[in-house]
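Structure file my_file_5.tsv; described as TSV, C-alpha atoms.
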```
chain	number	residue	atom	x	y	z
A	1	MET	CA	28.70	87.53	-36.82
A	2	LYS	CA	25.50	89.24	-35.96
A	3	SER	CA	27.19	92.19	-34.37
A	4	LEU	CA	28.42	94.29	-37.23
A	5	PHE	CA	25.35	96.45	-37.71
A	6	SER	CA	26.98	99.31	-35.77
A	7	PRO	CA	30.73	99.40	-36.42
A	8	ARG	CA	31.58	101.25	-33.22
A	9	LYS	CA	29.74	98.66	-31.15
A	10	ALA	CA	30.71	95.55	-33.09
A	11	ALA	CA	31.96	93.41	-30.25
A	12	VAL	CA	29.37	94.44	-27.70
A	13	ALA	CA	26.43	93.39	-29.89
A	14	ALA	CA	28.18	90.24	-31.10
A	15	ALA	CA	29.42	88.63	-27.93
A	16	ILE	CA	27.45	86.87	-25.24
A	17	VAL	CA	28.31	84.53	-22.35
A	18	ALA	CA	31.35	83.03	-20.73
A	19	ALA	CA	33.62	80.44	-22.35
A	20	PHE	CA	34.17	76.98	-20.96
A	21	SER	CA	36.49	74.06	-21.61
A	22	LEU	CA	35.47	70.65	-22.88
A	23	THR	CA	38.04	69.12	-20.58
A	24	ALA	CA	36.34	70.43	-17.45
A	25	CYS	CA	37.16	68.47	-14.31
A	26	GLN	CA	34.95	65.51	-13.62
A	27	ALA	CA	33.11	65.09	-10.33
A	28	PRO	CA	35.19	63.87	-7.35
A	29	ALA	CA	35.75	60.13	-7.18
A	30	LYS	CA	33.01	58.09	-5.48
A	31	LYS	CA	33.58	55.45	-2.88
A	32	ALA	CA	34.96	52.15	-4.11
A	33	GLU	CA	31.55	50.48	-4.05
A	34	ALA	CA	29.98	53.11	-6.37
A	35	PRO	CA	29.41	51.75	-9.88
A	36	ALA	CA	31.59	53.21	-12.65
A	37	ALA	CA	28.46	53.78	-14.74
A	38	ALA	CA	27.54	56.70	-12.45
A	39	ALA	CA	29.95	58.95	-14.37
A	40	LYS	CA	28.46	60.80	-17.32
A	41	PRO	CA	30.06	59.66	-20.59
A	42	VAL	CA	32.18	62.18	-22.46
A	43	ASP	CA	30.91	63.31	-25.85
A	44	THR	CA	33.81	62.13	-27.99
A	45	SER	CA	32.35	63.83	-31.06
A	46	LEU	CA	33.11	67.25	-29.59
A	47	THR	CA	36.55	68.84	-29.37
A	48	GLN	CA	36.79	72.28	-27.82
A	49	ARG	CA	39.51	74.67	-26.71
A	50	THR	CA	39.97	78.25	-25.56
A	51	LEU	CA	41.71	80.19	-28.30
A	52	GLY	CA	41.60	83.96	-27.78
A	53	ASP	CA	39.55	87.13	-27.74
A	54	GLY	CA	37.17	88.37	-30.42
A	55	LEU	CA	36.76	85.24	-32.58
A	56	TYR	CA	34.45	85.56	-35.57
A	57	GLU	CA	34.37	83.73	-38.90
A	58	MET	CA	36.47	80.84	-40.18
A	59	ALA	CA	37.94	79.67	-43.48
A	60	TYR	CA	39.30	76.24	-44.42
A	61	SER	CA	42.16	76.02	-46.90
A	62	PRO	CA	42.48	72.62	-48.62
A	63	ALA	CA	45.78	73.76	-50.12
A	64	ALA	CA	47.26	74.50	-46.70
A	65	LYS	CA	45.20	71.85	-44.87
A	66	ALA	CA	44.55	74.49	-42.26
A	67	LEU	CA	41.62	76.09	-40.47
A	68	TYR	CA	41.88	79.87	-40.22
A	69	VAL	CA	39.99	81.89	-37.61
A	70	ALA	CA	39.55	85.66	-37.87
A	71	SER	CA	39.91	87.54	-34.60
A	72	ALA	CA	39.18	91.15	-33.66
A	73	GLN	CA	40.98	90.65	-30.33
A	74	SER	CA	39.75	92.62	-27.33
A	75	PHE	CA	37.77	95.82	-27.80
A	76	LYS	CA	39.12	97.42	-24.64
A	77	ASP	CA	42.52	99.08	-24.96
A	78	VAL	CA	43.70	96.67	-27.67
A	79	ASN	CA	44.55	97.76	-31.20
A	80	GLY	CA	44.54	95.37	-34.13
A	81	GLY	CA	43.56	91.73	-34.42
A	82	VAL	CA	44.86	88.22	-35.05
A	83	ILE	CA	44.49	85.50	-37.66
A	84	TYR	CA	44.89	82.02	-36.16
A	85	ARG	CA	46.08	79.03	-38.23
A	86	LEU	CA	44.85	75.78	-36.65
A	87	ASP	CA	45.20	72.07	-37.24
A	88	PRO	CA	41.70	71.19	-38.50
A	89	THR	CA	41.63	67.89	-36.57
A	90	THR	CA	43.20	68.73	-33.20
A	91	LEU	CA	42.53	72.51	-33.24
A	92	GLU	CA	46.16	72.97	-32.21
A	93	THR	CA	47.57	76.39	-33.09
A	94	LYS	CA	50.04	76.11	-35.98
A	95	GLY	CA	50.55	79.77	-36.70
A	96	VAL	CA	49.51	83.26	-35.61
A	97	THR	CA	49.42	86.47	-37.66
A	98	HIS	CA	49.08	89.74	-35.77
A	99	THR	CA	47.32	92.39	-37.85
A	100	ASP	CA	47.05	96.13	-37.38
A	101	LEU	CA	43.30	96.04	-38.04
A	102	LYS	CA	40.58	93.88	-36.48
A	103	ASN	CA	39.30	90.89	-38.49
A	104	PHE	CA	35.70	89.70	-38.83
A	105	GLY	CA	34.22	88.08	-41.98
A	106	THR	CA	36.06	85.56	-44.16
A	107	ALA	CA	35.89	84.08	-47.66
A	108	ILE	CA	38.31	81.87	-49.57
A	109	ASP	CA	39.03	81.67	-53.29
A	110	GLU	CA	38.30	78.61	-55.39
A	111	ALA	CA	41.86	77.28	-55.31
A	112	GLY	CA	42.21	77.83	-51.59
A	113	ASN	CA	45.52	79.65	-51.97
A	114	VAL	CA	44.35	82.95	-50.53
A	115	PHE	CA	41.49	84.02	-48.32
A	116	TYR	CA	39.98	87.36	-47.46
A	117	THR	CA	38.96	88.92	-44.18
A	118	THR	CA	36.90	92.04	-43.61
A	119	ASN	CA	38.22	94.76	-41.31
A	120	SER	CA	34.79	96.06	-40.44
A	121	LEU	CA	35.60	98.88	-38.06
A	122	ASP	CA	37.95	100.44	-40.61
A	123	GLY	CA	35.84	99.83	-43.72
A	124	ALA	CA	38.53	97.65	-45.27
A	125	ILE	CA	39.32	94.16	-46.57
A	126	SER	CA	42.59	92.20	-46.41
A	127	LYS	CA	44.00	89.50	-48.69
A	128	VAL	CA	45.84	86.74	-46.83
A	129	ASP	CA	48.16	83.98	-48.05
A	130	ALA	CA	46.66	80.65	-46.99
A	131	GLN	CA	50.02	78.90	-46.64
A	132	SER	CA	51.81	81.42	-44.43
A	133	GLY	CA	48.96	83.47	-43.00
A	134	LYS	CA	50.73	86.63	-44.15
A	135	VAL	CA	48.65	89.64	-45.14
A	136	LEU	CA	49.41	90.25	-48.83
A	137	GLU	CA	47.27	93.28	-49.63
A	138	ARG	CA	44.85	95.69	-48.00
A	139	LEU	CA	42.06	97.74	-49.54
A	140	VAL	CA	40.55	100.57	-47.52
A	141	PHE	CA	37.27	101.52	-49.17
A	142	PRO	CA	36.62	105.17	-49.98
A	143	GLY	CA	33.47	106.76	-48.63
A	144	LYS	CA	32.00	109.08	-46.07
A	145	LYS	CA	32.39	108.53	-42.36
A	146	ASP	CA	29.69	109.02	-39.77
A	147	LYS	CA	29.59	111.80	-37.20
A	148	GLU	CA	31.84	109.82	-34.89
A	149	GLY	CA	34.43	109.21	-37.58
A	150	TYR	CA	33.60	105.62	-38.48
A	151	PRO	CA	33.28	104.36	-42.08
A	152	ALA	CA	30.50	102.08	-43.27
A	153	GLY	CA	31.34	98.70	-41.79
A	154	ALA	CA	32.52	95.92	-44.09
A	155	ARG	CA	30.62	92.89	-42.81
A	156	GLU	CA	30.35	89.77	-44.97
A	157	VAL	CA	32.55	89.04	-47.98
A	158	LEU	CA	31.68	86.68	-50.86
A	159	TRP	CA	34.16	85.38	-53.45
A	160	HIS	CA	32.55	84.76	-56.83
A	161	GLY	CA	33.82	84.80	-60.40
A	162	ASN	CA	37.08	86.60	-59.61
A	163	GLU	CA	35.15	89.29	-57.78
A	164	LEU	CA	34.65	90.01	-54.10
A	165	TYR	CA	31.29	91.27	-52.87
A	166	VAL	CA	31.49	93.10	-49.55
A	167	GLY	CA	28.31	94.04	-47.69
A	168	ARG	CA	28.43	97.53	-46.14
A	169	VAL	CA	26.67	98.34	-42.91
A	170	ALA	CA	25.10	101.75	-43.56
A	171	ASP	CA	21.68	103.29	-44.03
A	172	PRO	CA	21.15	103.01	-46.91
A	173	GLY	CA	23.52	100.09	-47.24
A	174	TYR	CA	25.46	99.11	-50.31
A	175	ILE	CA	27.78	96.43	-51.69
A	176	SER	CA	31.36	97.11	-52.71
A	177	VAL	CA	32.51	94.96	-55.63
A	178	VAL	CA	36.28	94.34	-55.77
A	179	ASP	CA	38.30	92.98	-58.68
A	180	GLU	CA	40.16	90.04	-57.14
A	181	LYS	CA	43.16	90.29	-59.49
A	182	THR	CA	43.84	94.00	-59.15
A	183	PHE	CA	42.40	94.18	-55.63
A	184	LYS	CA	40.77	97.50	-56.45
A	185	LEU	CA	37.21	98.71	-56.13
A	186	LYS	CA	35.39	97.84	-59.35
A	187	THR	CA	31.87	99.14	-58.75
A	188	THR	CA	29.28	99.79	-56.06
A	189	ILE	CA	25.80	98.29	-55.85
A	190	LYS	CA	23.75	101.07	-54.26
A	191	ASN	CA	20.36	101.33	-52.55
A	192	ALA	CA	20.71	97.92	-50.90
A	193	GLY	CA	18.50	98.79	-47.94
A	194	LYS	CA	19.40	99.38	-44.31
A	195	TRP	CA	22.52	97.40	-43.31
A	196	VAL	CA	23.68	94.76	-45.79
A	197	THR	CA	24.22	91.69	-43.62
A	198	GLY	CA	24.60	88.35	-45.47
A	199	ILE	CA	25.74	87.54	-49.03
A	200	ILE	CA	25.77	84.20	-50.89
A	201	TYR	CA	25.85	82.98	-54.50
A	202	SER	CA	23.22	80.61	-55.92
A	203	PRO	CA	24.46	78.14	-58.55
A	204	LEU	CA	20.80	77.35	-59.26
A	205	THR	CA	19.65	80.82	-60.28
A	206	GLU	CA	23.13	82.21	-61.02
A	207	ARG	CA	22.27	85.15	-58.82
A	208	ILE	CA	23.74	86.68	-55.70
A	209	TYR	CA	21.46	87.01	-52.69
A	210	ALA	CA	22.03	89.71	-50.09
A	211	THR	CA	20.07	90.17	-46.87
A	212	ASN	CA	19.54	93.45	-45.06
A	213	GLY	CA	18.30	94.84	-41.78
A	214	ALA	CA	15.02	95.94	-43.33
A	215	GLY	CA	13.90	92.33	-43.84
A	216	GLU	CA	14.69	92.14	-47.55
A	217	ILE	CA	16.50	89.62	-49.73
A	218	LEU	CA	18.09	91.31	-52.72
A	219	VAL	CA	18.40	89.27	-55.91
A	220	ILE	CA	21.46	90.57	-57.78
A	221	ASN	CA	22.70	89.77	-61.29
A	222	PRO	CA	26.49	89.34	-60.98
A	223	ARG	CA	26.97	90.10	-64.68
A	224	THR	CA	25.30	93.50	-64.52
A	225	HIS	CA	25.65	94.18	-60.77
A	226	LYS	CA	21.99	95.22	-60.76
A	227	ILE	CA	19.37	94.45	-58.12
A	228	GLU	CA	16.64	92.63	-60.04
A	229	LYS	CA	14.23	91.69	-57.24
A	230	ARG	CA	13.55	92.31	-53.58
A	231	TRP	CA	11.90	89.52	-51.60
A	232	THR	CA	10.21	89.95	-48.22
A	233	ALA	CA	8.43	87.59	-45.87
A	234	GLY	CA	5.13	89.15	-46.90
A	235	ASP	CA	3.47	88.50	-43.54
A	236	GLY	CA	3.38	92.06	-42.24
A	237	LYS	CA	5.94	91.34	-39.52
A	238	GLU	CA	9.20	93.20	-38.98
A	239	TYR	CA	12.44	91.34	-39.73
A	240	LEU	CA	16.16	91.91	-39.55
A	241	PHE	CA	17.59	89.25	-41.83
A	242	LEU	CA	21.12	88.02	-41.18
A	243	ASN	CA	22.67	84.92	-42.68
A	244	MET	CA	21.69	82.53	-45.47
A	245	ALA	CA	22.24	79.03	-46.80
A	246	GLU	CA	20.88	77.39	-49.95
A	247	ASP	CA	19.79	73.96	-51.10
A	248	PRO	CA	20.18	74.36	-54.89
A	249	ALA	CA	18.71	70.91	-55.57
A	250	THR	CA	15.31	71.97	-54.23
A	251	GLY	CA	15.53	75.72	-54.73
A	252	ARG	CA	15.21	76.53	-51.04
A	253	LEU	CA	16.86	79.52	-49.41
A	254	PHE	CA	17.25	79.45	-45.62
A	255	VAL	CA	17.37	82.87	-43.93
A	256	THR	CA	17.95	83.60	-40.23
A	257	ASP	CA	16.65	86.41	-38.04
A	258	ASP	CA	18.15	86.60	-34.55
A	259	SER	CA	16.81	90.04	-33.69
A	260	LYS	CA	13.17	90.71	-34.46
A	261	GLY	CA	11.69	87.60	-36.04
A	262	LYS	CA	13.56	85.02	-33.94
A	263	ALA	CA	13.15	82.41	-36.64
A	264	THR	CA	14.59	80.79	-39.76
A	265	LEU	CA	12.51	81.43	-42.86
A	266	VAL	CA	12.63	79.09	-45.84
A	267	PHE	CA	12.07	80.81	-49.19
A	268	ASP	CA	11.15	79.14	-52.47
A	269	GLU	CA	13.63	80.65	-54.93
A	270	ARG	CA	11.26	80.09	-57.84
A	271	THR	CA	8.55	82.30	-56.36
A	272	GLY	CA	10.34	84.36	-53.71
A	273	LYS	CA	7.71	83.25	-51.19
A	274	VAL	CA	8.15	81.82	-47.70
A	275	ILE	CA	7.23	78.12	-47.57
A	276	LYS	CA	8.34	77.28	-44.02
A	277	ARG	CA	9.04	79.05	-40.75
A	278	ILE	CA	11.32	77.41	-38.17
A	279	GLU	CA	10.77	79.08	-34.81
A	280	GLY	CA	13.64	79.88	-32.45
A	281	ASP	CA	16.57	82.24	-32.28
A	282	ALA	CA	18.93	81.68	-35.20
A	283	LEU	CA	22.25	83.29	-36.07
A	284	ALA	CA	24.58	81.39	-38.41
A	285	ILE	CA	23.21	78.74	-40.78
A	286	LYS	CA	24.78	76.14	-43.08
A	287	PHE	CA	23.32	73.53	-45.44
A	288	ASN	CA	25.10	70.20	-45.97
A	289	ALA	CA	23.98	68.65	-49.27
A	290	LYS	CA	25.89	65.42	-48.73
A	291	ARG	CA	24.13	64.71	-45.46
A	292	ASN	CA	20.89	66.59	-46.28
A	293	GLU	CA	21.20	68.54	-43.04
A	294	ILE	CA	20.89	72.10	-41.79
A	295	TYR	CA	22.99	73.53	-38.96
A	296	ILE	CA	21.93	76.57	-36.95
A	297	SER	CA	23.78	78.39	-34.19
A	298	GLN	CA	21.53	79.71	-31.44
A	299	ARG	CA	23.34	82.39	-29.50
A	300	GLU	CA	20.64	83.09	-26.93
A	301	SER	CA	19.75	79.43	-26.42
A	302	LYS	CA	23.47	78.53	-26.36
A	303	LYS	CA	22.97	75.63	-28.73
A	304	VAL	CA	23.96	74.35	-32.15
A	305	LEU	CA	21.18	72.44	-33.91
A	306	GLN	CA	21.47	69.65	-36.48
A	307	LEU	CA	18.24	69.43	-38.52
A	308	ASP	CA	16.96	67.03	-41.14
A	309	ALA	CA	16.74	69.24	-44.21
A	310	THR	CA	13.59	67.51	-45.51
A	311	THR	CA	11.44	67.34	-42.38
A	312	TYR	CA	13.18	70.14	-40.41
A	313	ALA	CA	13.18	67.84	-37.38
A	314	VAL	CA	16.04	68.29	-34.92
A	315	LYS	CA	18.30	65.26	-35.20
A	316	ASN	CA	20.85	66.39	-32.63
A	317	SER	CA	21.89	69.42	-30.65
A	318	TRP	CA	24.92	70.55	-28.68
A	319	SER	CA	24.61	72.81	-25.65
A	320	PHE	CA	27.35	75.14	-24.50
A	321	ASP	CA	27.99	77.31	-21.47
A	322	ASN	CA	28.90	80.16	-23.80
A	323	ASN	CA	27.41	81.36	-27.05
A	324	PRO	CA	27.75	79.78	-30.50
A	325	ASN	CA	28.48	82.30	-33.23
A	326	SER	CA	29.88	81.39	-36.67
A	327	LEU	CA	29.70	77.97	-38.36
A	328	LEU	CA	31.82	76.25	-41.00
A	329	ILE	CA	31.40	72.83	-42.61
A	330	GLY	CA	34.66	70.93	-43.13
A	331	PRO	CA	35.66	69.63	-46.59
A	332	ASP	CA	34.72	66.06	-45.67
A	333	ASN	CA	31.13	67.23	-44.97
A	334	ASN	CA	31.25	65.27	-41.73
A	335	THR	CA	32.80	67.99	-39.58
A	336	LEU	CA	31.31	71.20	-38.22
A	337	TYR	CA	33.39	74.03	-36.73
A	338	VAL	CA	31.91	76.59	-34.33
A	339	THR	CA	33.22	79.79	-32.77
A	340	LEU	CA	31.95	80.41	-29.23
A	341	LYS	CA	31.68	83.92	-27.81
A	342	ALA	CA	32.45	85.10	-24.30
A	343	GLU	CA	30.19	87.62	-22.58
A	344	PHE	CA	31.11	91.30	-22.55
A	345	ASN	CA	31.23	93.45	-19.44
A	346	LYS	CA	29.84	96.98	-19.45
A	347	ASP	CA	33.34	98.42	-20.03
A	348	SER	CA	33.78	96.33	-23.23
A	349	SER	CA	36.13	93.86	-21.54
A	350	THR	CA	35.14	90.18	-21.62
A	351	LYS	CA	34.42	87.64	-18.91
A	352	GLY	CA	36.66	85.11	-20.58
A	353	GLN	CA	38.27	84.27	-23.88
A	354	ASP	CA	36.41	82.93	-26.90
A	355	GLN	CA	36.61	79.30	-27.93
A	356	ILE	CA	36.65	77.12	-31.03
A	357	ALA	CA	34.78	73.81	-31.24
A	358	ARG	CA	34.98	70.91	-33.68
A	359	ILE	CA	31.98	68.56	-33.98
A	360	ALA	CA	32.34	65.16	-35.66
A	361	LEU	CA	28.88	64.72	-37.18
A	362	LYS	CA	27.16	61.38	-36.63
```
What would you get if you wrote out this structure as structure tokens?
Amino acid sequence: MKSLFSPRKAAVAAAIVAAFSLTACQAPAKKAEAPAAAAKPVDTSLTQRTLGDGLYEMAYSPAAKALYVASAQSFKDVNGGVIYRLDPTTLETKGVTHTDLKNFGTAIDEAGNVFYTTNSLDGAISKVDAQSGKVLERLVFPGKKDKEGYPAGAREVLWHGNELYVGRVADPGYISVVDEKTFKLKTTIKNAGKWVTGIIYSPLTERIYATNGAGEILVINPRTHKIEKRWTAGDGKEYLFLNMAEDPATGRLFVTDDSKGKATLVFDERTGKVIKRIEGDALAIKFNAKRNEIYISQRESKKVLQLDATTYAVKNSWSFDNNPNSLLIGPDNNTLYVTLKAEFNKDSSTKGQDQIARIALK
């Protein structure tokens, strides 16, 4: 979900490259004498299907045993969005909720009974029932609009301790804190730097980390809602940090930059210093403690990488004809879900619909 820095251009910056189907036709049959081994084996670990326009983040509900996908739909002459309810194994569509606003980021509560989706272009957040997919509540954040009439975009949302932390794309950026029970704005964490992009919670330090477009990691105390520290790469280079993942057992924080740095930086949470730099474009990132692996989506390279979390060596990779965007690890820790973006035309239409992929990790 790289694209939400400029609300009015959300889809254009986020989407790249045409979708394709896993079940593409095989090459024409050879003559009878040609050996069967000439055919390229199908990767049975990968399931993929075309789903719809404007796919962004995903949420898995153990209570509903369903995979939800937030969709902003098309950005050309289409109002509103969609929330897809999928079978997590087959990716078959089990339900569809049409919403009046476009959907982007997602987060799910601890019980898995409700999940939340950000409506970035409208500066809002929606509460959704995980069983039915029905929108239960909507909160439109107060605040000034820009010269073109757009509010500060609501990008990522984090559920923690009965509060929702919503990163706001503005300059200076800020974080809106919502009381989950009343679904009302509780407080605002101000002066968060240009464009608040990613937000996660660390069980190790009991702090919330937020990245911004100025290359900072904000260390926030969730009890006081105060920014206690600001970490930077410290190498004199310019960064636009995006998404994060954490290995709490080793105190490592993985941070991607898909714009200026084109790398994944590994921070030591005890010192706030960079201890490793993984070169290459990097958008979404997830850490799998059970398998001691890191997963990175590379939009420009059109790949998803599977790395050994100790050595950082690439164990496996999956190439696509379109562009990997968001990632989600399944509850069994042996499944990885990926949204795949279609390329945009100059008039904001797309060259094909977006796709969803399921990878059975080996």
Residue contacts of Lys184 of chain A (12 Å, all atoms listed in the file) excluding same-chain residues fewer than 5 positions away, as a PDB file with C-alpha atoms, in the coordinates of the input:
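Ended up saving to result_7.pdb:
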```pdb
ATOM      1  CA  ALA A 124      38.530  97.650 -45.270  1.00  0.00           C
ATOM      2  CA  ILE A 125      39.320  94.160 -46.570  1.00  0.00           C
ATOM      3  CA  SER A 126      42.590  92.200 -46.410  1.00  0.00           C
ATOM      4  CA  LYS A 127      44.000  89.500 -48.690  1.00  0.00           C
ATOM      5  CA  GLU A 137      47.270  93.280 -49.630  1.00  0.00           C
ATOM      6  CA  ARG A 138      44.850  95.690 -48.000  1.00  0.00           C
ATOM      7  CA  LEU A 139      42.060  97.740 -49.540  1.00  0.00           C
ATOM      8  CA  VAL A 140      40.550 100.570 -47.520  1.00  0.00           C
ATOM      9  CA  PHE A 141      37.270 101.520 -49.170  1.00  0.00           C
ATOM     10  CA  PRO A 142      36.620 105.170 -49.980  1.00  0.00           C
ATOM     11  CA  ASN A 162      37.080  86.600 -59.610  1.00  0.00           C
ATOM     12  CA  GLU A 163      35.150  89.290 -57.780  1.00  0.00           C
ATOM     13  CA  LEU A 164      34.650  90.010 -54.100  1.00  0.00           C
ATOM     14  CA  TYR A 165      31.290  91.270 -52.870  1.00  0.00           C
ATOM     15  CA  SER A 176      31.360  97.110 -52.710  1.00  0.00           C
ATOM     16  CA  VAL A 177      32.510  94.960 -55.630  1.00  0.00           C
ATOM     17  CA  VAL A 178      36.280  94.340 -55.770  1.00  0.00           C
ATOM     18  CA  ASP A 179      38.300  92.980 -58.680  1.00  0.00           C
TER      19      ASP A 179
END
```
Between atom CA of Asn292 of chain A and atom CA of Gly261 of chain A, what is the distance in Å, rounded to a tenth?
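According to the coordinates, atom CA of Asn292 of chain A and atom CA of Gly261 of chain A are separated by 25.1 Å.
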Item to check | Interatomic distance (Å, one decimal) between atom CA of Ile108 of chain A and atom CA of Tyr201 of chain A | outcome: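 Separating atom CA of Ile108 of chain A from atom CA of Tyr201 of chain A is a distance of 13.4 Å.
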With distances taken over only C-alpha atoms, which of A:Tyr239, A:Tyr116, A:Tyr150, A:Tyr295 is nearest to Tyr337 of chain A?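 Of the candidates, the smallest distance to Tyr337 of chain A is held by A:Tyr295.
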Checklist entry - Which distance in Å separates atom CA of Val166 of chain A and atom CA of Glu206 of chain A, to one decimal? => result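 Between atom CA of Val166 of chain A and atom CA of Glu206 of chain A the gap works out to 17.9 Å.
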Q.
Ranking A:Gly234, A:Gly54, A:Gly143, A:Gly330 by minimum distance to Lys290 of chain A and counting all atoms listed in the file, which one comes first?
A.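 So, comparing all the options, the nearest one is A:Gly330.
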Next on the checklist: List as a ChimeraX atom specification the protein and nucleic acid residues near segment 80-88 of chain A, meaning an atom at most 7 Å away when all atoms listed in the file are counted, but skip any in the same chain fewer than 2 places from it.
Outcome noted: /A:66-73,78,90-103
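Proximity of A:Lys226, A:Lys145, A:Arg155, A:Arg277 to Tyr56 of chain A, computed with all atoms listed in the file, is greatest for A:Arg155.
Using all atoms listed in the file, the smallest distance between any of A:Asp347, A:Glu300, A:Asp308, A:Glu156 and Asp321 of chain A comes from A:Glu300.
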Using only C-alpha atoms, the residue out of A:Lys260, A:Tyr312, A:Leu307, A:Ser45 with shortest distance to Leu361 of chain A is A:Ser45
### Query
Which of these, A:Lys302, A:Arg291, A:Lys276, A:Arg49, has the shortest distance to Lys362 of chain A once you count only C-alpha atoms?
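Once distances to Lys362 of chain A are computed over only C-alpha atoms, the minimum belongs to A:Arg291.
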Practice prompt. Write out as a list in words the residues lying within 10 Å of Ala263 of chain A, counting all atoms listed in the file and excluding same-chain residues fewer than 6 positions away.
Written response: Tyr239, Phe241, Val255, Thr256, Asp257, Arg277, Ile278, Glu279, Gly280, Asp281, Ala282 and Leu283 of chain A
Please write out, as JSON, where the centre of an axis-aligned box around all listed atoms of segment 184-193 of chain A lies and how long its edges are, in Å to one decimal, after adding 4 Å on each side.
```
{"center_x": 29.6, "center_y": 99.4, "center_z": -53.6, "size_x": 30.3, "size_y": 11.8, "size_z": 19.4}
```
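Residues of protein, DNA and RNA with at least one atom no farther than 6 Å from (33.4, 70.7, -30.8) are, using all atoms listed in the file, Leu46, Thr47, Gln48, Ala357, Arg358 and Ile359 of chain A.
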I want to know what sits within 7 Å of segment 316-319 of chain A, based on all atoms listed in the file, with residues of the same chain fewer than 3 positions away left out; could you give that as a PyMOL selection string?
chain A and resi 302-306
How would the residues just chosen look if you wrote them out with C-alpha atoms as a PDB file, keeping the file's coordinate frame?
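What follows is the written file part_9.pdb:
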```pdb
ATOM      1  CA  LYS A 302      23.470  78.530 -26.360  1.00  0.00           C
ATOM      2  CA  LYS A 303      22.970  75.630 -28.730  1.00  0.00           C
ATOM      3  CA  VAL A 304      23.960  74.350 -32.150  1.00  0.00           C
ATOM      4  CA  LEU A 305      21.180  72.440 -33.910  1.00  0.00           C
ATOM      5  CA  GLN A 306      21.470  69.650 -36.480  1.00  0.00           C
TER       6      GLN A 306
END
```
task: Could you give me, as a ChimeraX atom specification, the residues within 8 Å of Asp268 of chain A, counting only C-alpha atoms and dropping anything in the same chain fewer than 5 positions from it?
output: /A:251-253,273-275
Please tabulate, as a Markdown table, the residues of segment 221-260 of chain A that come within 8 Å of segment 208-214 of chain A, each with its closest pair of atoms and the distance in Å to one decimal, counting only C-alpha atoms and ordering rows by chain, then residue number upward.
```
| residue | atom | partner | partner_atom | distance |
| --- | --- | --- | --- | --- |
| A:Asn221 | CA | A:Ile208 | CA | 6.5 |
| A:Pro222 | CA | A:Ile208 | CA | 6.5 |
| A:Glu238 | CA | A:Ala214 | CA | 7.8 |
| A:Tyr239 | CA | A:Ala214 | CA | 6.4 |
| A:Leu240 | CA | A:Gly213 | CA | 4.3 |
| A:Phe241 | CA | A:Gly213 | CA | 5.6 |
| A:Leu242 | CA | A:Thr211 | CA | 6.2 |
| A:Asn243 | CA | A:Thr211 | CA | 7.2 |
| A:Met244 | CA | A:Thr211 | CA | 7.9 |
```
